[in-house]
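Raw contents of target27.cif, mmCIF, C-alpha atoms and all ligand atoms:
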data_upload
#
loop_
_atom_site.label_atom_id
_atom_site.label_comp_id
_atom_site.auth_asym_id
_atom_site.auth_seq_id
_atom_site.Cartn_x
_atom_site.Cartn_y
_atom_site.Cartn_z
CA MET A 493 -21.67 24.80 -31.26
CA ILE A 494 -19.26 21.99 -30.39
CA ASP A 495 -18.31 21.02 -33.96
CA ALA A 496 -19.51 21.28 -37.55
CA LEU A 497 -20.82 17.71 -37.69
CA PRO A 498 -24.58 17.01 -37.88
CA PRO A 499 -26.69 16.63 -34.69
CA LEU A 500 -26.54 13.14 -33.18
CA ARG A 501 -30.26 12.44 -33.70
CA GLU A 502 -29.69 12.92 -37.42
CA VAL A 503 -26.58 10.69 -37.38
CA ILE A 504 -28.50 7.94 -35.56
CA ALA A 505 -31.43 8.14 -37.97
CA ARG A 506 -29.22 8.19 -41.07
CA HIS A 507 -27.17 5.14 -39.95
CA ASP A 508 -30.18 3.38 -38.39
CA LEU A 509 -28.46 3.03 -35.00
CA ARG A 510 -31.38 1.80 -32.95
CA ALA A 511 -30.14 1.14 -29.42
CA ARG A 512 -29.58 -2.52 -28.55
CA LYS A 513 -30.19 -3.52 -24.97
CA ALA A 514 -27.85 -6.51 -25.14
CA LEU A 515 -24.94 -4.12 -25.82
CA GLY A 516 -25.90 -1.80 -22.96
CA GLN A 517 -26.69 0.98 -25.42
CA ASN A 518 -28.00 4.16 -23.80
CA PHE A 519 -26.72 7.06 -25.84
CA LEU A 520 -25.85 10.62 -24.80
CA LEU A 521 -27.14 12.96 -27.49
CA ASP A 522 -26.53 16.34 -25.83
CA LEU A 523 -23.12 17.56 -27.00
CA ASN A 524 -22.97 20.19 -24.25
CA LEU A 525 -23.22 17.36 -21.73
CA THR A 526 -20.58 15.21 -23.46
CA ALA A 527 -18.24 18.23 -23.54
CA ARG A 528 -18.81 18.65 -19.79
CA ILE A 529 -17.89 15.01 -19.19
CA ALA A 530 -14.76 15.45 -21.33
CA ARG A 531 -13.77 18.47 -19.21
CA VAL A 532 -13.93 16.37 -16.02
CA ALA A 533 -10.85 14.57 -17.39
CA GLY A 534 -8.89 17.85 -17.37
CA ASP A 535 -6.53 19.18 -20.03
CA LEU A 536 -6.26 16.44 -22.66
CA SER A 537 -4.12 18.34 -25.15
CA ALA A 538 -0.99 16.37 -24.22
CA CYS A 539 -2.78 13.01 -23.71
CA ASP A 540 -3.97 10.00 -25.62
CA VAL A 541 -7.51 9.15 -24.55
CA LEU A 542 -8.87 5.60 -24.46
CA GLU A 543 -12.64 5.61 -24.96
CA ILE A 544 -14.57 2.35 -24.61
CA GLY A 545 -17.94 2.09 -26.35
CA PRO A 546 -18.17 5.32 -28.37
CA GLY A 547 -21.50 4.27 -29.97
CA PRO A 548 -22.62 7.05 -32.35
CA GLY A 549 -19.79 9.23 -30.98
CA GLY A 550 -21.30 11.91 -28.73
CA LEU A 551 -18.58 11.64 -26.08
CA THR A 552 -15.92 11.11 -28.77
CA ARG A 553 -16.90 14.46 -30.29
CA GLY A 554 -16.77 16.08 -26.86
CA LEU A 555 -13.25 14.74 -26.28
CA LEU A 556 -11.98 15.91 -29.67
CA ALA A 557 -13.68 19.32 -29.47
CA GLU A 558 -12.17 19.80 -26.00
CA GLY A 559 -8.72 19.27 -27.53
CA ALA A 560 -7.65 15.68 -26.83
CA ARG A 561 -4.35 14.99 -28.60
CA ARG A 562 -5.60 11.60 -29.85
CA VAL A 563 -8.57 9.35 -29.12
CA LEU A 564 -8.59 5.57 -29.43
CA ALA A 565 -12.24 4.52 -29.51
CA VAL A 566 -13.01 0.81 -29.04
CA GLU A 567 -16.51 -0.19 -30.18
CA LYS A 568 -17.92 -3.71 -30.38
CA ASP A 569 -20.94 -2.81 -32.52
CA ALA A 570 -19.89 -2.59 -36.19
CA ARG A 571 -23.11 -0.65 -37.01
CA CYS A 572 -21.48 2.43 -35.38
CA LEU A 573 -18.37 2.43 -37.60
CA PRO A 574 -19.67 4.64 -40.46
CA ALA A 575 -20.79 7.35 -37.99
CA LEU A 576 -17.39 7.17 -36.25
CA ALA A 577 -15.59 7.37 -39.61
CA GLU A 578 -17.31 10.71 -40.24
CA ILE A 579 -15.92 12.04 -36.96
CA ALA A 580 -12.43 10.74 -37.82
CA ALA A 581 -12.62 12.59 -41.14
CA ALA A 582 -13.54 15.83 -39.35
CA TYR A 583 -10.51 15.49 -37.03
CA PRO A 584 -7.72 14.21 -39.32
CA GLY A 585 -5.12 12.04 -37.57
CA ARG A 586 -6.73 12.39 -34.13
CA LEU A 587 -9.29 9.55 -33.95
CA GLU A 588 -8.53 5.85 -34.32
CA VAL A 589 -11.50 3.49 -34.15
CA LEU A 590 -11.11 -0.19 -33.32
CA ASN A 591 -14.01 -2.56 -33.92
CA ALA A 592 -13.26 -4.85 -30.98
CA ASP A 593 -14.44 -6.17 -27.63
CA ALA A 594 -12.77 -4.04 -24.94
CA LEU A 595 -12.51 -7.09 -22.68
CA GLY A 596 -10.18 -8.87 -25.10
CA LEU A 597 -7.87 -6.01 -26.03
CA ASP A 598 -4.43 -4.72 -25.01
CA PRO A 599 -5.01 -0.99 -25.51
CA MET A 600 -1.37 -0.04 -24.96
CA ALA A 601 -0.51 -1.56 -28.32
CA HIS A 602 -2.40 1.41 -29.80
CA LEU A 603 -1.64 4.24 -27.35
CA ALA A 604 1.25 6.50 -26.39
CA PRO A 605 1.61 7.76 -22.82
CA PRO A 606 0.36 9.72 -21.01
CA VAL A 607 -3.03 8.01 -21.28
CA ARG A 608 -6.37 8.94 -19.73
CA VAL A 609 -9.47 6.78 -19.95
CA VAL A 610 -12.85 8.43 -20.54
CA ALA A 611 -15.96 6.36 -21.20
CA ASN A 612 -19.69 6.08 -20.95
CA LEU A 613 -19.29 2.39 -20.33
CA PRO A 614 -21.79 -0.31 -21.12
CA TYR A 615 -23.11 -1.16 -17.64
CA ASN A 616 -22.73 -4.87 -18.18
CA VAL A 617 -18.93 -4.65 -18.60
CA GLY A 618 -18.24 -1.45 -16.63
CA THR A 619 -17.40 -2.93 -13.25
CA GLU A 620 -15.30 -5.70 -14.78
CA LEU A 621 -13.20 -3.18 -16.73
CA LEU A 622 -12.85 -0.93 -13.67
CA VAL A 623 -11.60 -3.81 -11.48
CA ARG A 624 -9.14 -4.78 -14.20
CA TRP A 625 -7.83 -1.20 -14.51
CA LEU A 626 -7.49 -0.98 -10.72
CA THR A 627 -5.54 -4.24 -10.40
CA PRO A 628 -2.76 -4.16 -13.01
CA PRO A 629 0.40 -6.25 -12.53
CA GLN A 630 2.36 -3.05 -11.85
CA TRP A 631 1.63 0.30 -10.24
CA PRO A 632 1.44 3.06 -11.45
CA PRO A 633 -0.88 1.69 -14.16
CA PHE A 634 -0.92 2.57 -17.88
CA TRP A 635 -3.49 5.33 -17.22
CA GLU A 636 -3.23 8.62 -15.31
CA SER A 637 -6.94 8.94 -14.67
CA LEU A 638 -10.28 7.23 -15.32
CA THR A 639 -13.41 9.30 -16.00
CA LEU A 640 -16.25 6.80 -16.15
CA MET A 641 -20.03 6.71 -16.22
CA PHE A 642 -21.67 4.19 -13.88
CA GLN A 643 -25.06 3.43 -12.47
CA ARG A 644 -25.29 5.81 -9.55
CA GLU A 645 -25.38 2.95 -7.06
CA VAL A 646 -22.04 1.63 -8.38
CA ALA A 647 -20.56 5.16 -8.33
CA GLU A 648 -21.58 5.46 -4.64
CA ARG A 649 -19.82 2.17 -3.89
CA ILE A 650 -16.57 3.42 -5.46
CA VAL A 651 -16.38 6.55 -3.26
CA ALA A 652 -18.02 5.05 -0.12
CA GLN A 653 -16.56 5.60 3.35
CA PRO A 654 -16.51 3.16 6.32
CA GLY A 655 -19.76 2.77 8.22
CA SER A 656 -22.00 2.97 5.13
CA ARG A 657 -23.81 0.14 3.38
CA ALA A 658 -22.10 1.05 0.10
CA TYR A 659 -18.64 0.55 1.65
CA GLY A 660 -16.94 -2.62 0.47
CA ARG A 661 -14.50 -4.22 -1.91
CA LEU A 662 -14.91 -1.66 -4.69
CA ALA A 663 -14.30 1.32 -2.34
CA LEU A 664 -11.15 -0.25 -0.90
CA LEU A 665 -9.81 -1.33 -4.27
CA ALA A 666 -10.36 2.16 -5.72
CA GLN A 667 -9.26 4.25 -2.77
CA TRP A 668 -6.11 2.29 -1.89
CA ARG A 669 -4.25 3.61 -4.92
CA CYS A 670 -6.50 6.36 -6.33
CA ALA A 671 -8.19 9.58 -5.43
CA ALA A 672 -11.86 9.00 -6.32
CA ARG A 673 -14.79 11.42 -6.51
CA ILE A 674 -18.21 11.68 -8.10
CA ALA A 675 -17.94 14.52 -10.63
CA LEU A 676 -21.44 14.59 -12.15
CA ARG A 677 -24.84 13.05 -11.38
CA LEU A 678 -27.20 12.42 -14.28
CA PRO A 679 -30.90 11.53 -14.32
CA PRO A 680 -32.14 8.66 -16.55
CA GLU A 681 -33.55 11.20 -19.05
CA ALA A 682 -30.03 12.34 -19.96
CA PHE A 683 -29.81 9.15 -22.08
CA THR A 684 -31.64 7.84 -25.14
CA PRO A 685 -33.30 5.49 -24.45
CA ALA A 686 -33.58 6.38 -20.75
CA PRO A 687 -32.35 3.53 -18.51
CA LYS A 688 -34.28 2.55 -15.37
CA VAL A 689 -31.67 3.95 -12.97
CA ALA A 690 -29.78 7.21 -12.41
CA SER A 691 -26.11 7.51 -13.39
CA ALA A 692 -22.99 9.32 -12.24
CA VAL A 693 -19.56 10.12 -13.62
CA VAL A 694 -16.71 9.05 -11.36
CA HIS A 695 -13.23 10.54 -11.70
CA LEU A 696 -10.31 8.47 -10.39
CA THR A 697 -6.73 9.71 -10.41
CA ALA A 698 -3.92 7.17 -9.98
CA LEU A 699 -1.69 7.98 -7.00
CA PRO A 700 2.04 7.45 -7.62
CA ALA A 701 2.09 4.81 -4.84
CA PRO A 702 -0.51 3.15 -2.55
CA ARG A 703 -1.73 5.22 0.43
CA TYR A 704 -0.56 2.46 2.83
CA PRO A 705 1.81 -0.42 2.10
CA ALA A 706 0.29 -3.89 1.58
CA ASP A 707 0.74 -6.87 -0.71
CA PRO A 708 -1.98 -6.56 -3.39
CA ALA A 709 -2.82 -10.28 -3.43
CA VAL A 710 -3.06 -10.54 0.39
CA LEU A 711 -5.14 -7.36 0.62
CA SER A 712 -7.47 -8.58 -2.12
CA ARG A 713 -8.01 -11.97 -0.44
CA LEU A 714 -8.56 -10.32 2.92
CA VAL A 715 -11.10 -7.79 1.66
CA ALA A 716 -13.00 -10.45 -0.31
CA ALA A 717 -13.24 -12.69 2.79
CA ALA A 718 -14.22 -9.80 5.09
CA PHE A 719 -17.04 -8.52 2.86
CA ASN A 720 -18.33 -11.95 1.77
CA GLN A 721 -19.82 -12.13 5.25
CA ARG A 722 -20.08 -8.44 6.00
CA ARG A 723 -22.54 -8.81 8.90
CA LYS A 724 -20.24 -11.18 10.81
CA MET A 725 -17.52 -10.17 13.26
CA LEU A 726 -14.09 -10.25 11.66
CA ARG A 727 -12.78 -12.89 14.08
CA SER A 728 -15.26 -15.31 12.52
CA SER A 729 -15.43 -14.11 8.88
CA LEU A 730 -11.60 -14.17 8.64
CA ARG A 731 -11.04 -17.42 10.56
CA GLY A 732 -10.11 -19.24 7.36
CA LEU A 733 -7.20 -16.85 6.66
CA ALA A 734 -5.10 -17.63 9.75
CA PRO A 735 -5.64 -19.82 12.85
CA ASP A 736 -4.42 -16.96 15.09
CA ILE A 737 -6.61 -14.34 13.38
CA GLU A 738 -7.66 -12.72 16.69
CA ASP A 739 -4.02 -11.98 17.60
CA ARG A 740 -3.33 -10.62 14.14
CA LEU A 741 -6.42 -8.40 14.23
CA ARG A 742 -5.27 -6.98 17.58
CA ALA A 743 -1.72 -6.49 16.27
CA ALA A 744 -3.22 -4.48 13.39
CA GLY A 745 -5.16 -2.34 15.88
CA ILE A 746 -8.58 -3.80 14.91
CA PRO A 747 -10.96 -5.07 17.63
CA PRO A 748 -11.74 -8.73 16.64
CA THR A 749 -15.44 -8.03 17.23
CA ASP A 750 -15.53 -5.31 14.54
CA ARG A 751 -17.41 -5.93 11.29
CA ALA A 752 -15.88 -5.38 7.85
CA GLU A 753 -17.75 -2.15 7.26
CA ASP A 754 -16.30 -0.58 10.46
CA VAL A 755 -12.69 -0.92 9.31
CA PRO A 756 -11.03 1.92 7.37
CA LEU A 757 -8.60 1.35 4.50
CA GLU A 758 -5.62 1.93 6.79
CA GLY A 759 -6.81 -0.92 9.06
CA PHE A 760 -7.21 -3.39 6.18
CA CYS A 761 -3.69 -2.53 4.97
CA ALA A 762 -2.26 -3.01 8.49
CA LEU A 763 -4.01 -6.39 8.74
CA ALA A 764 -2.75 -7.42 5.28
CA ARG A 765 0.81 -6.72 6.53
CA GLU A 766 0.14 -8.79 9.66
CA LEU A 767 -1.22 -11.66 7.55
CA ALA A 768 1.87 -11.59 5.35
CA ARG A 769 4.03 -12.33 8.42
CA PRO A 770 4.88 -15.98 9.08
CA ALA A 771 2.97 -17.51 12.03
CA GLY A 772 4.50 -17.69 15.53
N1 LIG B 801 -20.41 6.49 -25.56
C1 LIG B 801 -21.72 6.46 -26.21
C2 LIG B 801 -22.58 7.58 -25.66
O1 LIG B 801 -22.19 8.11 -24.60
O2 LIG B 801 -23.61 7.88 -26.23
C3 LIG B 801 -22.39 5.10 -26.06
C4 LIG B 801 -22.59 4.62 -24.65
S1 LIG B 801 -23.46 3.09 -24.48
C5 LIG B 801 -23.87 3.19 -22.77
C6 LIG B 801 -22.20 1.82 -24.44
C7 LIG B 801 -21.47 1.52 -25.75
O3 LIG B 801 -20.50 0.47 -25.52
C8 LIG B 801 -22.35 1.02 -26.86
O4 LIG B 801 -22.05 1.71 -28.05
C9 LIG B 801 -21.99 -0.49 -27.01
O5 LIG B 801 -22.14 -0.97 -28.33
C10 LIG B 801 -20.55 -0.50 -26.58
N2 LIG B 801 -20.08 -1.79 -26.04
C11 LIG B 801 -20.79 -2.69 -25.32
N3 LIG B 801 -20.01 -3.72 -24.94
C12 LIG B 801 -18.76 -3.45 -25.40
C13 LIG B 801 -17.50 -4.13 -25.33
N4 LIG B 801 -17.38 -5.29 -24.68
N5 LIG B 801 -16.42 -3.56 -25.93
C14 LIG B 801 -16.54 -2.38 -26.59
N6 LIG B 801 -17.71 -1.70 -26.69
C15 LIG B 801 -18.78 -2.22 -26.11
#
What is this structure when it is put down as C-alpha cells?
Amino acid sequence: MIDALPPLREVIARHDLRARKALGQNFLLDLNLTARIARVAGDLSACDVLEIGPGPGGLTRGLLAEGARRVLAVEKDARCLPALAEIAAAYPGRLEVLNADALGLDPMAHLAPPVRVVANLPYNVGTELLVRWLTPPQWPPFWESLTLMFQREVAERIVAQPGSRAYGRLALLAQWRCAARIALRLPPEAFTPAPKVASAVVHLTALPAPRYPADPAVLSRLVAAAFNQRRKMLRSSLRGLAPDIEDRLRAAGIPPTDRAEDVPLEGFCALARELARPAG
C-alpha cells in the first residue's frame, strides 16, 4: 500500500471528477505506477518538487509517499481541489496546491531550491512548457531535472539522434544542455480514459554548462531555419542567415550539401559560432 488514502477510483467518483478532454485529462489511477514514475526522479527527500496538473492526485501521492520534501502542485481545474486538499491533510506541511494556469505562473515564487519538476502533463501544453523550461534566460535553470510524461512520438523527438526522422529542433534544444532519456513507456490503457496514442516518461537532467559553446539566440535561429526546410540542402535552407553561408558551413566542418538531419549537435554549435562572427 502506498498510503492510507482511499483508492483513486473512489476519490474520482466521490468528487465527480469526470475527465474533460479540453483540459487534456487522462488520469493515472494505479498508485504503483505513479510511485514508479516518482522514483524516476531519484531521491526527492532534499528537494522541492513542482508538479503541473495533479488532477485527482495519483502522481502527487506517489511523490509524497516516495519522500519528496515538499510538492507544489499547480492545477487549473478547480474541481480537483477538494481531492487534493485531502492529500495535503494526510501529509501536513508537505503539499501546497495552487489553482492556476501553469503557463501564467512564476513557480519560483513558491519553491525553494533544489527543485525537480515531475508531471503527467496535459498534452496540449506539454511541449510549450518543455521548450520554456529548456530556454530560460540563464543557465543552469531553476530546476535540476524534469521527469515528464509525453505522447510517445514527442518523447522520441526529445531523445532522437541525427539521421532519424524524429531528429530536429526539440532534440537539439534538449540535448544541448541536458542529458535526456526515455525512462518508461506506457500503453494507452495505463490511463483513464485511455488516449488514442501511447505515452512515455522522459527524464532530463540539466548539465552545469552546455555540451558545446554557442549563443542561445543564434543557435535557436539556426536550428529553426535548418529544420523548417529539413529536406533541403543546408546551403539553400540557410541562405537567409548569411550571404556567405557556404563558406561558414565549410568553416564549421559541415558539407554545404548536407541536410539538417545529417548534422550532429556539435556541428550546429560550431556553425552557430561561425554565424556569430562578423562577415569578411
Ligand atoms: N497528474 C494527473 C494524473 O497523472 O492522473 C492528471 C494528468 S492529466 C494528463 C493533466 C492535468 O493537467 C489535468 O488535471 C488538467 O486539468 C491539468 N491542466 C491542464 N492544463 C493545465 C494548465 N494550463 N495548468 C495547470 N494544469 C493544467
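Taking all atoms listed in the file into account, Pro606 in chain A lies nearest to A:Ala538 out of the set A:Leu587, A:Phe642, A:Ala538, A:Leu665.
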Skipping near chain neighbours, those fewer than 5 positions away, what residues fall within 12 Å of Asp707 in chain A using only C-alpha atoms, listed as a PDB file with C-alpha atoms, in the frame of the given file?
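Final file, out_23.pdb:
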ATOM      1  CA  THR A 627      -5.540  -4.240 -10.400  1.00  0.00           C
ATOM      2  CA  PRO A 629       0.400  -6.250 -12.530  1.00  0.00           C
ATOM      3  CA  GLN A 630       2.360  -3.050 -11.850  1.00  0.00           C
ATOM      4  CA  TRP A 631       1.630   0.300 -10.240  1.00  0.00           C
ATOM      5  CA  TRP A 668      -6.110   2.290  -1.890  1.00  0.00           C
ATOM      6  CA  PRO A 702      -0.510   3.150  -2.550  1.00  0.00           C
ATOM      7  CA  SER A 712      -7.470  -8.580  -2.120  1.00  0.00           C
ATOM      8  CA  ARG A 713      -8.010 -11.970  -0.440  1.00  0.00           C
ATOM      9  CA  LEU A 714      -8.560 -10.320   2.920  1.00  0.00           C
ATOM     10  CA  PHE A 760      -7.210  -3.390   6.180  1.00  0.00           C
ATOM     11  CA  CYS A 761      -3.690  -2.530   4.970  1.00  0.00           C
ATOM     12  CA  ALA A 762      -2.260  -3.010   8.490  1.00  0.00           C
ATOM     13  CA  LEU A 763      -4.010  -6.390   8.740  1.00  0.00           C
ATOM     14  CA  ALA A 764      -2.750  -7.420   5.280  1.00  0.00           C
ATOM     15  CA  ARG A 765       0.810  -6.720   6.530  1.00  0.00           C
ATOM     16  CA  GLU A 766       0.140  -8.790   9.660  1.00  0.00           C
ATOM     17  CA  LEU A 767      -1.220 -11.660   7.550  1.00  0.00           C
ATOM     18  CA  ALA A 768       1.870 -11.590   5.350  1.00  0.00           C
ATOM     19  CA  ARG A 769       4.030 -12.330   8.420  1.00  0.00           C
TER      20      ARG A 769
END
May I have the residues within 9 Å of Leu626 in chain A as an mmCIF file with C-alpha atoms, keeping the file's coordinate frame, using only C-alpha atoms and disregarding those fewer than 4 positions away in the same chain?
data_model
loop_
_atom_site.group_PDB
_atom_site.id
_atom_site.type_symbol
_atom_site.label_atom_id
_atom_site.label_comp_id
_atom_site.auth_asym_id
_atom_site.auth_seq_id
_atom_site.Cartn_x
_atom_site.Cartn_y
_atom_site.Cartn_z
ATOM 1 C CA LEU A 621 -13.200 -3.180 -16.730
ATOM 2 C CA LEU A 622 -12.850 -0.930 -13.670
ATOM 3 C CA PRO A 633 -0.880 1.690 -14.160
ATOM 4 C CA LEU A 665 -9.810 -1.330 -4.270
ATOM 5 C CA ALA A 666 -10.360 2.160 -5.720
ATOM 6 C CA ARG A 669 -4.250 3.610 -4.920
ATOM 7 C CA CYS A 670 -6.500 6.360 -6.330
ATOM 8 C CA ALA A 698 -3.920 7.170 -9.980
#
Residues of chain A that approach ligand LIG 801 (chain B) to 7 Å or less, counting all atoms listed in the file: could you list each one with the shortest pair of atoms and its distance in Å to one decimal, rows by chain and increasing residue number, as CSV?
residue,atom,partner,partner_atom,distance
A:Leu515,CA,B:LIG801,C11,4.4
A:Gly516,CA,B:LIG801,C6,5.4
A:Gln517,CA,B:LIG801,S1,4.0
A:Asn518,CA,B:LIG801,C5,4.4
A:Phe519,CA,B:LIG801,O2,3.2
A:Leu520,CA,B:LIG801,O2,3.8
A:Leu521,CA,B:LIG801,O2,6.3
A:Ile544,CA,B:LIG801,C14,5.5
A:Gly545,CA,B:LIG801,O3,3.1
A:Pro546,CA,B:LIG801,N1,3.8
A:Gly547,CA,B:LIG801,O4,3.2
A:Pro548,CA,B:LIG801,C1,6.2
A:Gly549,CA,B:LIG801,C1,5.8
A:Gly550,CA,B:LIG801,O2,5.3
A:Leu551,CA,B:LIG801,O1,5.3
A:Val566,CA,B:LIG801,C14,5.4
A:Glu567,CA,B:LIG801,N6,4.0
A:Lys568,CA,B:LIG801,N6,4.2
A:Asp569,CA,B:LIG801,O5,4.7
A:Ala592,CA,B:LIG801,C14,6.0
A:Asp593,CA,B:LIG801,N5,3.7
A:Ala594,CA,B:LIG801,N5,3.8
A:Leu595,CA,B:LIG801,N4,5.6
A:Ala611,CA,B:LIG801,N1,6.2
A:Asn612,CA,B:LIG801,N1,4.7
A:Leu613,CA,B:LIG801,C6,5.1
A:Pro614,CA,B:LIG801,C6,4.0
A:Tyr615,CA,B:LIG801,C5,6.8
A:Val617,CA,B:LIG801,N4,6.3
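The interatomic distance for the pair CA of Leu536 in chain A and CA of Ala560 in chain A works out to 4.5 Å.
With distances taken over all atoms listed in the file, A:Ile529 is the one residue among A:Ile529, A:Ala580, A:Leu726, A:Leu573 lying closest to Ala675 in chain A.
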Around all the atoms of range 593-602 of chain A listed in the file, with 3 Å of room on each side, what axis-aligned box do you get, giving centre and edge lengths in Å to one decimal, as lines of an AutoDock Vina configuration file?
center_x = -7.5
center_y = -3.7
center_z = -26.2
size_x = 19.9
size_y = 16.3
size_z = 13.1
Mind giving me the straight-line distance from CA of Ala744 in chain A to CA of Ala647 in chain A in Å, one decimal? 29.4 Å
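For the pair CA of Arg501 in chain A and CA of Thr526 in chain A, the separation is 14.4 Å.
Distances to Leu523 in chain A were evaluated for A:Met600, A:Ala663, A:Ala682, A:Ala577 using all atoms listed in the file, and the minimum falls at A:Ala682.
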Quick one: residues within 9 Å of Val609 in chain A, all atoms listed in the file counted, chain neighbours fewer than 4 positions away excluded, as number ranges by chain? A: 533, 540-544, 635-640
Which residue, A:Arg553, A:Arg561, A:Arg673, A:Arg740, has the smallest gap to Asp535 in chain A when you use all atoms listed in the file? A:Arg561
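The shortest atom-to-atom distance to Asp522 in chain A, with only C-alpha atoms taken into account, belongs to A:Phe683 out of A:Phe683, A:Ala658, A:Arg644, A:Arg586.
With all atoms listed in the file as the atoms that count, the minimum distance from Pro680 in chain A to the choices A:Ser537, A:Glu558, A:Ala692, A:Lys513 is reached by A:Ala692.
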Generate the missing atoms of range 686-700 of chain A up to N, CA and C atoms and report them as a short mmCIF file (atom, residue, chain, number, x, y, z; two decimals), keeping the file's coordinate frame.
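Saved to result-v7.cif:
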data_model
loop_
_atom_site.label_atom_id
_atom_site.label_comp_id
_atom_site.auth_asym_id
_atom_site.auth_seq_id
_atom_site.Cartn_x
_atom_site.Cartn_y
_atom_site.Cartn_z
N ALA A 686 -33.86 6.16 -22.17
CA ALA A 686 -33.58 6.38 -20.75
C ALA A 686 -33.50 5.03 -20.03
N PRO A 687 -32.41 4.78 -19.29
CA PRO A 687 -32.35 3.53 -18.51
C PRO A 687 -33.27 3.63 -17.31
N LYS A 688 -33.38 2.55 -16.53
CA LYS A 688 -34.28 2.55 -15.37
C LYS A 688 -33.68 3.32 -14.20
N VAL A 689 -32.33 3.40 -14.17
CA VAL A 689 -31.67 3.95 -12.97
C VAL A 689 -30.90 5.23 -13.31
N ALA A 690 -30.59 6.00 -12.26
CA ALA A 690 -29.78 7.21 -12.41
C ALA A 690 -28.31 6.83 -12.60
N SER A 691 -27.52 7.77 -13.11
CA SER A 691 -26.11 7.51 -13.39
C SER A 691 -25.23 8.57 -12.74
N ALA A 692 -23.93 8.31 -12.74
CA ALA A 692 -22.99 9.32 -12.24
C ALA A 692 -21.64 9.10 -12.90
N VAL A 693 -20.92 10.20 -13.08
CA VAL A 693 -19.56 10.12 -13.62
C VAL A 693 -18.58 10.15 -12.45
N VAL A 694 -17.73 9.13 -12.41
CA VAL A 694 -16.71 9.05 -11.36
C VAL A 694 -15.36 9.40 -11.97
N HIS A 695 -14.58 10.20 -11.23
CA HIS A 695 -13.23 10.54 -11.70
C HIS A 695 -12.22 9.95 -10.71
N LEU A 696 -11.35 9.08 -11.23
CA LEU A 696 -10.31 8.47 -10.39
C LEU A 696 -8.94 8.88 -10.92
N THR A 697 -8.09 9.35 -10.02
CA THR A 697 -6.73 9.71 -10.41
C THR A 697 -5.77 8.73 -9.75
N ALA A 698 -4.88 8.14 -10.54
CA ALA A 698 -3.92 7.17 -9.98
C ALA A 698 -2.91 7.90 -9.11
N LEU A 699 -2.74 7.44 -7.86
CA LEU A 699 -1.69 7.98 -7.00
C LEU A 699 -0.36 7.35 -7.42
N PRO A 700 0.76 8.04 -7.22
CA PRO A 700 2.04 7.45 -7.62
C PRO A 700 2.34 6.15 -6.88
#
